[in-house]
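Text of query.cif (mmCIF, C-alpha atoms and all ligand atoms) as supplied:
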```
data_target
#
loop_
_atom_site.label_atom_id
_atom_site.label_comp_id
_atom_site.auth_asym_id
_atom_site.auth_seq_id
_atom_site.Cartn_x
_atom_site.Cartn_y
_atom_site.Cartn_z
CA MET A 1 -94.17 247.21 169.79
CA ILE A 2 -96.91 247.52 167.22
CA ASP A 3 -100.32 248.63 168.49
CA SER A 4 -102.30 245.78 166.91
CA LEU A 5 -105.71 247.44 167.27
CA LYS A 6 -104.46 250.55 165.47
CA THR A 7 -102.78 248.41 162.81
CA PHE A 8 -105.96 246.46 162.14
CA ARG A 9 -108.04 249.63 162.05
CA ALA A 10 -105.61 251.14 159.51
CA LEU A 11 -105.72 247.95 157.45
CA VAL A 12 -109.53 247.89 157.42
CA GLU A 13 -109.82 251.62 156.68
CA ASN A 14 -107.39 251.37 153.78
CA SER A 15 -108.58 248.08 152.36
CA SER A 16 -109.91 248.31 148.81
CA ASP A 17 -112.56 245.75 149.80
CA ALA A 18 -115.63 247.12 151.56
CA ILE A 19 -115.92 245.81 155.11
CA SER A 20 -118.91 245.98 157.46
CA LEU A 21 -119.89 244.33 160.67
CA VAL A 22 -123.54 243.32 161.00
CA THR A 23 -125.74 241.58 163.55
CA ILE A 24 -127.53 238.27 162.88
CA ALA A 25 -130.52 240.32 161.77
CA GLY A 26 -128.35 242.26 159.29
CA GLU A 27 -128.17 245.58 161.19
CA VAL A 28 -124.97 247.48 160.36
CA LEU A 29 -122.70 248.01 163.42
CA TYR A 30 -119.69 249.28 161.52
CA ALA A 31 -118.92 250.25 157.91
CA SER A 32 -115.43 250.97 156.60
CA ALA A 33 -114.75 254.09 154.55
CA SER A 34 -114.44 251.90 151.44
CA ALA A 35 -117.84 250.27 152.21
CA ALA A 36 -119.40 253.70 152.32
CA LYS A 37 -117.58 254.71 149.12
CA VAL A 38 -118.74 251.63 147.21
CA LEU A 39 -122.34 252.34 148.19
CA GLY A 40 -122.15 256.13 147.89
CA TYR A 41 -122.88 256.84 151.59
CA GLN A 42 -120.98 258.44 154.46
CA PRO A 43 -119.89 255.64 156.87
CA GLU A 44 -122.09 257.05 159.65
CA GLU A 45 -125.16 257.04 157.37
CA LEU A 46 -124.86 253.25 157.09
CA LEU A 47 -124.79 252.67 160.85
CA GLY A 48 -128.08 251.22 162.07
CA MET A 49 -129.31 250.47 158.56
CA ASN A 50 -130.36 246.91 157.79
CA SER A 51 -128.03 245.57 155.13
CA LEU A 52 -130.77 243.21 153.88
CA ASP A 53 -132.84 246.28 152.89
CA LEU A 54 -130.10 247.24 150.44
CA LEU A 55 -130.30 243.93 148.58
CA HIS A 56 -132.04 243.38 145.26
CA PRO A 57 -135.46 241.74 145.86
CA GLU A 58 -134.41 238.72 143.77
CA ASP A 59 -131.30 238.16 145.91
CA ARG A 60 -132.85 238.83 149.31
CA ASP A 61 -134.35 235.40 150.20
CA ARG A 62 -131.14 233.63 149.24
CA SER A 63 -129.12 236.09 151.36
CA VAL A 64 -131.40 235.65 154.37
CA ARG A 65 -130.99 231.86 154.09
CA THR A 66 -127.21 232.23 153.77
CA LEU A 67 -127.08 234.51 156.82
CA LYS A 68 -129.16 232.07 158.89
CA LYS A 69 -126.92 229.16 157.87
CA LEU A 70 -123.86 231.20 158.73
CA ALA A 71 -125.26 232.27 162.10
CA ALA A 72 -125.85 228.61 163.03
CA GLN A 73 -122.15 227.77 162.64
CA PRO A 74 -119.67 229.83 164.67
CA GLN A 75 -116.43 230.69 162.82
CA SER A 76 -117.90 229.55 159.49
CA SER A 77 -117.75 231.63 156.34
CA ASN A 78 -119.26 231.62 152.88
CA ARG A 79 -119.15 233.53 149.63
CA THR A 80 -122.08 234.80 147.53
CA GLN A 81 -122.79 237.20 144.72
CA GLY A 82 -125.69 239.61 144.55
CA ARG A 83 -126.93 243.09 143.68
CA ILE A 84 -126.86 245.87 146.23
CA ARG A 85 -128.52 249.30 145.97
CA GLN A 86 -126.27 252.35 146.00
CA LYS A 87 -127.41 255.63 147.53
CA ASP A 88 -128.34 257.00 144.09
CA GLY A 89 -130.61 253.98 143.48
CA ARG A 90 -128.34 252.18 141.01
CA TRP A 91 -127.75 248.43 141.43
CA LEU A 92 -124.20 247.20 141.88
CA TRP A 93 -123.05 243.58 141.54
CA VAL A 94 -120.86 242.60 144.49
CA GLU A 95 -119.11 239.46 145.60
CA CYS A 96 -119.48 239.12 149.34
CA SER A 97 -117.63 236.89 151.72
CA ALA A 98 -119.27 236.63 155.13
CA SER A 99 -117.64 235.26 158.31
CA ASN A 100 -119.39 234.45 161.56
CA LEU A 101 -117.25 236.04 164.29
CA LEU A 102 -120.19 236.42 166.70
CA ASP A 103 -118.40 234.41 169.36
CA VAL A 104 -115.11 236.32 169.05
CA PRO A 105 -115.33 238.83 171.93
CA GLU A 106 -113.34 241.60 170.17
CA VAL A 107 -115.68 241.45 167.14
CA GLY A 108 -119.04 239.96 168.18
CA ALA A 109 -120.53 240.36 164.71
CA ILE A 110 -120.82 238.90 161.24
CA VAL A 111 -118.06 240.35 159.08
CA LEU A 112 -119.04 241.18 155.51
CA ASN A 113 -116.25 241.71 153.06
CA TYR A 114 -117.45 242.72 149.60
CA ARG A 115 -116.08 244.03 146.36
CA ASP A 116 -117.54 245.56 143.23
CA ILE A 117 -117.71 242.93 140.44
CA SER A 118 -119.98 244.83 138.06
CA SER A 119 -117.42 244.96 135.25
CA ARG A 120 -116.81 241.19 135.55
CA LYS A 121 -120.60 240.61 135.54
CA ALA A 122 -120.99 242.85 132.49
CA VAL A 123 -118.40 240.75 130.63
CA GLU A 124 -120.14 237.50 131.73
CA GLU A 125 -123.54 238.81 130.64
CA GLU A 126 -122.14 239.94 127.29
CA ARG A 127 -120.49 236.53 126.81
CA GLN A 128 -123.78 234.81 127.62
CA ARG A 129 -125.66 237.09 125.21
CA LEU A 130 -123.14 236.39 122.44
CA ALA A 131 -123.30 232.62 123.08
CA GLU A 132 -127.11 232.71 122.79
CA GLU A 133 -126.88 234.86 119.66
CA LEU A 134 -124.35 232.43 118.15
CA ALA A 135 -126.55 229.43 118.96
CA ARG A 136 -129.53 231.18 117.34
CA CYS A 137 -127.51 232.08 114.21
CA ASN A 138 -126.19 228.52 113.97
CA ALA A 139 -129.70 227.10 114.23
CA GLU A 140 -130.92 229.49 111.51
CA LEU A 141 -127.94 228.65 109.31
CA GLN A 142 -128.56 224.95 109.78
CA ALA A 143 -132.23 225.33 108.90
CA PHE A 144 -131.27 227.35 105.83
CA ALA A 145 -128.65 224.80 104.72
CA HIS A 146 -131.22 222.05 105.22
CA THR A 147 -133.83 223.79 103.06
CA VAL A 148 -131.36 224.66 100.29
CA ALA A 149 -129.82 221.17 100.20
CA HIS A 150 -133.22 219.51 100.27
CA ASP A 151 -134.76 221.66 97.54
CA LEU A 152 -131.74 221.52 95.22
CA ARG A 153 -131.38 217.74 95.28
CA GLU A 154 -134.37 217.08 93.06
CA PRO A 155 -133.44 219.44 90.16
CA VAL A 156 -129.84 218.14 90.23
CA ARG A 157 -131.09 214.57 89.90
CA THR A 158 -133.38 215.64 87.07
CA ILE A 159 -130.43 217.24 85.20
CA SER A 160 -128.39 214.07 85.59
CA ALA A 161 -131.19 211.66 84.59
CA PHE A 162 -132.32 213.65 81.54
CA THR A 163 -128.76 214.29 80.32
CA GLN A 164 -128.12 210.55 80.40
CA LEU A 165 -131.40 209.91 78.60
CA LEU A 166 -130.59 212.56 75.97
CA ALA A 167 -127.11 211.11 75.39
CA ARG A 168 -128.63 207.67 74.85
CA LYS A 169 -131.65 208.66 72.73
CA ALA A 170 -130.00 211.29 70.53
CA ARG A 171 -127.20 208.90 69.54
CA LEU A 172 -124.68 211.68 70.07
CA PRO A 173 -121.25 211.57 68.45
CA ASP A 174 -118.38 210.71 70.82
CA ALA A 175 -117.27 214.33 71.43
CA GLU A 176 -120.81 215.38 72.46
CA LYS A 177 -121.19 212.18 74.50
CA GLU A 178 -118.10 213.25 76.43
CA ILE A 179 -119.66 216.66 77.08
CA ALA A 180 -122.85 214.97 78.30
CA GLN A 181 -120.71 212.83 80.62
CA PHE A 182 -119.11 216.00 82.07
CA ILE A 183 -122.60 217.28 82.88
CA VAL A 184 -123.55 213.97 84.49
CA ASP A 185 -120.30 213.88 86.55
CA GLY A 186 -120.82 217.46 87.68
CA ALA A 187 -124.42 216.72 88.67
CA ARG A 188 -123.27 213.63 90.58
CA ARG A 189 -120.69 215.66 92.49
CA MET A 190 -123.27 218.29 93.30
CA SER A 191 -125.71 215.59 94.38
CA ASN A 192 -123.07 214.13 96.77
CA LEU A 193 -122.38 217.59 98.14
CA LEU A 194 -126.08 218.19 98.76
CA ASP A 195 -126.48 214.76 100.41
CA ASP A 196 -123.57 215.52 102.76
CA LEU A 197 -124.86 219.02 103.43
CA LEU A 198 -128.30 217.66 104.17
CA SER A 199 -127.01 215.05 106.58
CA SER A 200 -124.79 217.64 108.28
CA ALA A 201 -127.65 220.14 108.55
CA THR A 202 -130.08 217.49 109.78
CA GLY A 203 -127.70 216.74 112.67
CA GLY A 204 -128.48 214.09 115.28
CA HIS A 205 -130.10 215.39 118.43
CA LYS A 206 -133.46 213.76 117.67
CA ASP A 207 -132.98 210.72 119.86
CA SER A 208 -132.02 211.14 123.45
CA LEU A 209 -128.57 210.16 124.71
CA GLY A 210 -128.09 206.61 125.92
CA PRO A 211 -125.59 203.77 126.15
CA VAL A 212 -124.42 202.72 122.69
CA GLU A 213 -122.45 199.60 121.83
CA LEU A 214 -119.54 200.83 119.69
CA ALA A 215 -119.01 197.34 118.26
CA HIS A 216 -122.51 197.59 116.69
CA VAL A 217 -121.71 201.08 115.50
CA ALA A 218 -118.52 199.90 113.78
CA ALA A 219 -120.39 196.97 112.20
CA GLN A 220 -123.07 199.29 110.80
CA ALA A 221 -120.50 201.77 109.49
CA ILE A 222 -118.68 198.92 107.75
CA GLN A 223 -121.92 197.67 106.27
CA ASN A 224 -122.65 201.13 104.87
CA LEU A 225 -119.15 201.15 103.33
CA THR A 226 -119.50 197.68 101.76
CA GLU A 227 -118.84 198.84 98.21
CA ALA A 228 -115.76 200.98 98.96
CA LEU A 229 -114.26 198.29 101.20
CA THR A 230 -114.84 195.50 98.69
CA VAL A 231 -113.44 197.44 95.73
CA SER A 232 -110.35 198.61 97.65
CA GLY A 233 -109.73 195.28 99.42
CA ALA A 234 -109.20 197.18 102.68
CA ALA A 235 -108.48 195.20 105.86
CA ILE A 236 -110.31 196.63 108.85
CA LYS A 237 -108.98 195.38 112.20
CA ILE A 238 -111.28 196.13 115.07
CA GLY A 239 -110.18 195.70 118.69
CA PRO A 240 -112.53 195.28 121.63
CA LEU A 241 -114.87 198.27 121.71
CA PRO A 242 -116.72 199.66 124.73
CA ARG A 243 -120.19 201.04 125.36
CA VAL A 244 -120.32 204.81 125.33
CA GLN A 245 -122.89 207.48 125.99
CA GLY A 246 -124.25 208.83 122.70
CA ARG A 247 -126.73 208.50 119.85
CA GLU A 248 -126.25 205.51 117.60
CA CYS A 249 -127.03 207.21 114.28
CA ASP A 250 -124.51 210.01 114.97
CA LEU A 251 -121.81 207.57 116.01
CA VAL A 252 -122.36 205.45 112.87
CA ARG A 253 -121.86 208.58 110.81
CA LEU A 254 -118.67 209.36 112.75
CA PHE A 255 -117.17 205.88 112.21
CA GLN A 256 -118.34 205.77 108.61
CA ASN A 257 -116.74 209.12 107.75
CA LEU A 258 -113.43 208.22 109.41
CA ILE A 259 -113.15 204.66 108.04
CA GLY A 260 -114.38 205.91 104.65
CA ASN A 261 -111.63 208.56 104.60
CA ALA A 262 -109.00 205.99 105.64
CA VAL A 263 -109.93 204.06 102.50
CA LYS A 264 -110.29 207.11 100.25
CA TYR A 265 -106.96 208.75 101.17
CA ARG A 266 -104.97 205.56 100.71
CA SER A 267 -101.34 205.15 99.73
CA PRO A 268 -100.25 202.57 97.13
CA ALA A 269 -99.85 199.99 99.95
CA PRO A 270 -102.72 197.58 100.72
CA ILE A 271 -105.12 199.43 103.03
CA VAL A 272 -105.08 198.45 106.70
CA VAL A 273 -107.26 200.30 109.22
CA HIS A 274 -107.06 199.67 112.97
CA VAL A 275 -109.88 200.68 115.31
CA THR A 276 -108.94 200.55 119.00
CA ALA A 277 -110.25 201.82 122.33
CA GLU A 278 -108.46 202.76 125.51
CA ARG A 279 -109.91 203.92 128.83
CA SER A 280 -109.02 207.49 129.79
CA GLY A 281 -110.55 208.50 133.15
CA PRO A 282 -114.33 208.77 132.77
CA ASP A 283 -113.97 208.60 128.96
CA TRP A 284 -112.91 206.20 126.29
CA MET A 285 -110.35 207.25 123.71
CA ILE A 286 -111.02 205.71 120.31
CA ARG A 287 -108.33 205.62 117.64
CA ILE A 288 -108.89 204.98 113.93
CA ARG A 289 -105.46 204.46 112.39
CA ASP A 290 -104.74 204.08 108.69
CA ASN A 291 -101.65 203.58 106.56
CA GLY A 292 -102.71 206.14 103.97
CA ILE A 293 -101.09 209.25 102.53
CA GLY A 294 -101.07 211.16 105.84
CA ILE A 295 -101.68 214.84 106.56
CA ALA A 296 -99.07 217.59 107.08
CA LYS A 297 -98.97 219.06 110.59
CA HIS A 298 -100.13 222.54 109.55
CA HIS A 299 -103.39 221.03 108.22
CA HIS A 300 -104.23 219.07 111.40
CA LEU A 301 -106.73 221.64 112.71
CA ARG A 302 -107.88 222.91 109.32
CA VAL A 303 -109.18 219.55 108.06
CA PHE A 304 -112.04 219.71 110.59
CA GLY A 305 -113.36 222.95 109.07
CA LEU A 306 -116.51 222.88 106.95
CA PHE A 307 -115.78 222.54 103.20
CA THR A 308 -112.02 222.25 103.85
CA ARG A 309 -110.39 219.89 101.37
CA LEU A 310 -106.72 219.22 100.82
CA HIS A 311 -107.42 217.52 97.53
CA SER A 312 -108.88 218.56 94.24
CA GLU A 313 -111.19 216.38 92.22
CA GLU A 314 -108.63 213.58 91.74
CA ILE A 315 -110.12 212.25 94.99
CA PRO A 316 -113.81 213.16 95.11
CA GLY A 317 -115.23 214.66 98.27
CA THR A 318 -117.16 217.58 99.70
CA GLY A 319 -115.08 218.70 102.70
CA ILE A 320 -118.00 218.09 105.05
CA GLY A 321 -117.14 214.66 106.53
CA LEU A 322 -114.64 215.72 109.21
CA ALA A 323 -116.70 218.80 110.15
CA VAL A 324 -119.59 216.43 110.87
CA CYS A 325 -117.24 214.20 112.94
CA LYS A 326 -116.19 217.22 114.99
CA GLU A 327 -119.80 218.26 115.50
CA VAL A 328 -120.80 214.75 116.62
CA VAL A 329 -117.88 214.31 119.06
CA GLU A 330 -118.04 217.81 120.51
CA GLY A 331 -121.84 217.59 120.72
CA LEU A 332 -121.29 214.62 123.05
CA GLY A 333 -118.76 216.58 125.12
CA GLY A 334 -115.69 214.88 123.61
CA THR A 335 -112.64 216.04 121.69
CA ILE A 336 -111.37 214.97 118.28
CA TRP A 337 -107.96 215.44 116.71
CA VAL A 338 -105.62 213.88 114.18
CA GLU A 339 -102.05 212.65 114.58
CA SER A 340 -100.34 212.28 111.24
CA GLU A 341 -97.40 212.93 108.98
CA PRO A 342 -97.29 212.83 105.20
CA GLY A 343 -96.48 209.31 104.08
CA ALA A 344 -96.88 207.84 107.57
CA GLY A 345 -100.65 207.32 107.72
CA SER A 346 -103.13 209.12 109.96
CA THR A 347 -104.65 208.35 113.33
CA PHE A 348 -107.94 210.06 114.11
CA CYS A 349 -108.46 210.09 117.89
CA PHE A 350 -111.59 211.07 119.76
CA THR A 351 -112.94 210.80 123.29
CA LEU A 352 -116.43 209.74 124.27
CA ALA A 353 -117.93 209.46 127.74
CA ALA A 354 -118.22 205.88 129.00
CA ALA A 355 -121.78 204.57 129.05
CA GLN A 356 -123.60 204.87 132.31
CA GLU A 357 -124.09 201.36 133.84
CA GLU A 358 -121.14 200.24 131.80
CA SER A 359 -120.78 196.52 131.19
CA GLY A 360 -117.30 196.09 129.76
CA MET A 361 -116.04 195.89 126.20
CA ARG A 362 -117.22 193.89 123.26
CA ALA A 363 -115.45 192.91 120.10
CA ILE A 364 -116.85 192.11 116.69
CA SER A 365 -115.71 189.13 114.72
CA SER A 366 -115.93 188.22 111.08
CA ALA A 367 -118.42 185.45 111.75
CA GLY A 368 -120.83 187.45 113.87
CA ASP A 369 -119.83 186.56 117.41
CA ALA A 370 -121.33 185.58 120.71
CA ASN A 371 -122.38 189.19 121.25
CA GLY A 372 -124.82 188.75 118.41
CA ILE A 373 -123.15 191.27 116.11
CA ARG A 374 -123.48 190.31 112.47
CA LEU A 375 -121.25 191.70 109.81
CA PRO A 376 -122.34 192.20 106.22
CA GLY A 377 -121.45 189.24 104.04
CA PRO A 378 -119.24 190.76 101.31
CA VAL A 379 -116.92 192.63 103.66
CA SER A 380 -116.80 190.26 106.58
CA SER A 381 -113.65 188.58 105.29
CA ALA A 382 -111.82 191.89 105.38
CA VAL A 383 -112.87 192.71 108.91
CA SER A 384 -111.26 191.05 111.87
CA THR A 385 -111.18 191.18 115.59
CA ALA A 386 -107.53 191.53 116.25
CA ALA A 387 -105.46 191.58 119.37
CA ILE A 388 -104.38 195.08 118.50
P1 LIG B 401 -113.75 215.07 102.06
O1 LIG B 401 -113.18 213.71 102.29
O2 LIG B 401 -115.14 215.03 101.53
O3 LIG B 401 -112.85 215.94 101.26
P2 LIG B 401 -113.47 215.52 104.90
O4 LIG B 401 -114.01 216.63 105.73
O5 LIG B 401 -113.86 214.14 105.26
O6 LIG B 401 -113.90 215.85 103.43
O7 LIG B 401 -111.89 215.61 104.91
C1 LIG B 401 -111.26 216.88 104.72
C2 LIG B 401 -109.89 216.69 104.11
O8 LIG B 401 -109.02 216.06 105.05
C3 LIG B 401 -109.90 215.75 102.92
O9 LIG B 401 -110.16 216.49 101.72
C4 LIG B 401 -108.49 215.17 102.94
O10 LIG B 401 -107.61 216.02 102.26
C5 LIG B 401 -108.11 215.17 104.40
N1 LIG B 401 -108.28 213.84 105.02
C6 LIG B 401 -109.35 213.38 105.70
N2 LIG B 401 -109.15 212.14 106.15
C7 LIG B 401 -107.90 211.77 105.75
C8 LIG B 401 -107.09 210.61 105.92
N3 LIG B 401 -107.53 209.55 106.61
N4 LIG B 401 -105.85 210.61 105.38
C9 LIG B 401 -105.40 211.69 104.70
N5 LIG B 401 -106.11 212.82 104.50
C10 LIG B 401 -107.35 212.88 105.02
#
```
Mind turning the file's structure into structure tokens?
Ligand code: ADP
Amino acid sequence: MIDSLKTFRALVENSSDAISLVTIAGEVLYASASAAKVLGYQPEELLGMNSLDLLHPEDRDRSVRTLKKLAAQPQSSNRTQGRIRQKDGRWLWVECSASNLLDVPEVGAIVLNYRDISSRKAVEEERQRLAEELARCNAELQAFAHTVAHDLREPVRTISAFTQLLARKARLPDAEKEIAQFIVDGARRMSNLLDDLLSSATGGHKDSLGPVELAHVAAQAIQNLTEALTVSGAAIKIGPLPRVQGRECDLVRLFQNLIGNAVKYRSPAPIVVHVTAERSGPDWMIRIRDNGIGIAKHHHLRVFGLFTRLHSEEIPGTGIGLAVCKEVVEGLGGTIWVESEPGAGSTFCFTLAAAQEESGMRAISSAGDANGIRLPGPVSSAVSTAAI
């Protein structure tokens, strides 16, 4: 027959967790050898001490409240974290679980069970410091990119304008005209790059978050893409779209970049782009599917990196568009990814939180529908509300 009292005593004495019994007022009635070791005392030195006196001043009020709450509910327990002073004066982070066993005759005390978590806390603090440092560096980098892009735009435009003027006025021979055209093309590419960089560095974040009608967002994005859609003859099929939580200007940029890419990275087939939405828990999942050239699996993550391009100048671009999409979606707490295979088109999927006080889904139609959404004239024939 096992002597249960002896067994429990041995368990407590050998536990790696520190265990003490205290009164409602915090006075120590018993401290295990490990409790004394954690704090740097002999067990008998702790007897009679008030455990609240060992707490860090910033943690004391909270601990007193916790103790009172615990004392009011027999058999209840709770868990807290706080700093406790060791005998040599150093502060130690501990995680403490307290149980009210005041009404258990064999115990008649509050049982404190605590363990040293200083190394975990040190890692958490370091992680927090690094996250703050990263946020500061990102903000500085963004401000720098903004200044550079802004200040370089003007000289680049001047180069382009005056080269064109020179080519016209100087009546250059064909070979020199071609050289002038190279300069103008290069300046145009740099100007596009700076525009994209500027819009990426400007970021959204100026307006506050609110419910946004994605059907309006899609209509605006399509309007901004009028020229590319008209020239390519792309058919954009838009299913019913919901209201989400976001900032309209950022979401327009997101849709514009994705629909713009669907048109830009086309296959020889007539371009068809489907935009659909599907509820996924508290979020909406939006899909923008094209029938373009597709993307190999090993590039699926890479394409969202800043300045990452899978194409050379045969298809112009800056490698900023998808990085901006990622920033917009993740900035709103969502996720973005691509599903694609070369030759089989691409589907860009992203999640956005449903709008608070949601009022169902709305669709856009080519004629501007009952929801009052008007599409731009030249592209409206290519855009349809489809039962997708
Ligand atoms: P950009 O279009 O300016 O190059 P993005 O960041 O928008 O930059 O896209 C990065 C790369 O991802 C593109 O260069 C292209 O190779 C690939 N990509 C993006 N969208 C598509 C798409 N819909 N179909 C195929 N490839 C795409």
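Taking atom N5 of ligand LIG 401 (chain B) and CA of Ala262 in chain A as the two end points, the separation is 7.5 Å.
We find CA of Arg247 in chain A and CA of Thr230 in chain A to be spaced 27.5 Å apart.
If only C-alpha atoms and all ligand atoms are the atoms counted, then among A:Gly305, A:Gly321, A:Pro342, A:Gly333 the closest residue to ligand LIG 401 (chain B) is A:Gly321.
Near Gln81 in chain A, within 9 Å and counting all atoms listed in the file, sit Asp59, Trp93, Val94, Glu95, Cys96, Ser97 and Ile117 of chain A, not including residues fewer than 4 positions from it in the same chain.
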Taking all atoms listed in the file into account, report as a PDB file with C-alpha atoms, in the coordinates of the input which residues have an atom no farther than 6 Å from an atom of ligand LIG 401 (chain B).
```
ATOM      1  CA  ASN A 261    -111.630 208.560 104.600  1.00  0.00           C
ATOM      2  CA  ALA A 262    -109.000 205.990 105.640  1.00  0.00           C
ATOM      3  CA  TYR A 265    -106.960 208.750 101.170  1.00  0.00           C
ATOM      4  CA  GLY A 292    -102.710 206.140 103.970  1.00  0.00           C
ATOM      5  CA  ILE A 293    -101.090 209.250 102.530  1.00  0.00           C
ATOM      6  CA  GLY A 294    -101.070 211.160 105.840  1.00  0.00           C
ATOM      7  CA  ILE A 295    -101.680 214.840 106.560  1.00  0.00           C
ATOM      8  CA  VAL A 303    -109.180 219.550 108.060  1.00  0.00           C
ATOM      9  CA  THR A 308    -112.020 222.250 103.850  1.00  0.00           C
ATOM     10  CA  ARG A 309    -110.390 219.890 101.370  1.00  0.00           C
ATOM     11  CA  LEU A 310    -106.720 219.220 100.820  1.00  0.00           C
ATOM     12  CA  HIS A 311    -107.420 217.520  97.530  1.00  0.00           C
ATOM     13  CA  GLY A 317    -115.230 214.660  98.270  1.00  0.00           C
ATOM     14  CA  THR A 318    -117.160 217.580  99.700  1.00  0.00           C
ATOM     15  CA  GLY A 319    -115.080 218.700 102.700  1.00  0.00           C
ATOM     16  CA  ILE A 320    -118.000 218.090 105.050  1.00  0.00           C
ATOM     17  CA  GLY A 321    -117.140 214.660 106.530  1.00  0.00           C
ATOM     18  CA  LEU A 322    -114.640 215.720 109.210  1.00  0.00           C
ATOM     19  CA  ALA A 323    -116.700 218.800 110.150  1.00  0.00           C
ATOM     20  CA  SER A 346    -103.130 209.120 109.960  1.00  0.00           C
TER      21      SER A 346
END
```
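Across the model, the gap from CA of Gln128 in chain A to CA of Tyr114 in chain A is 24.2 Å.
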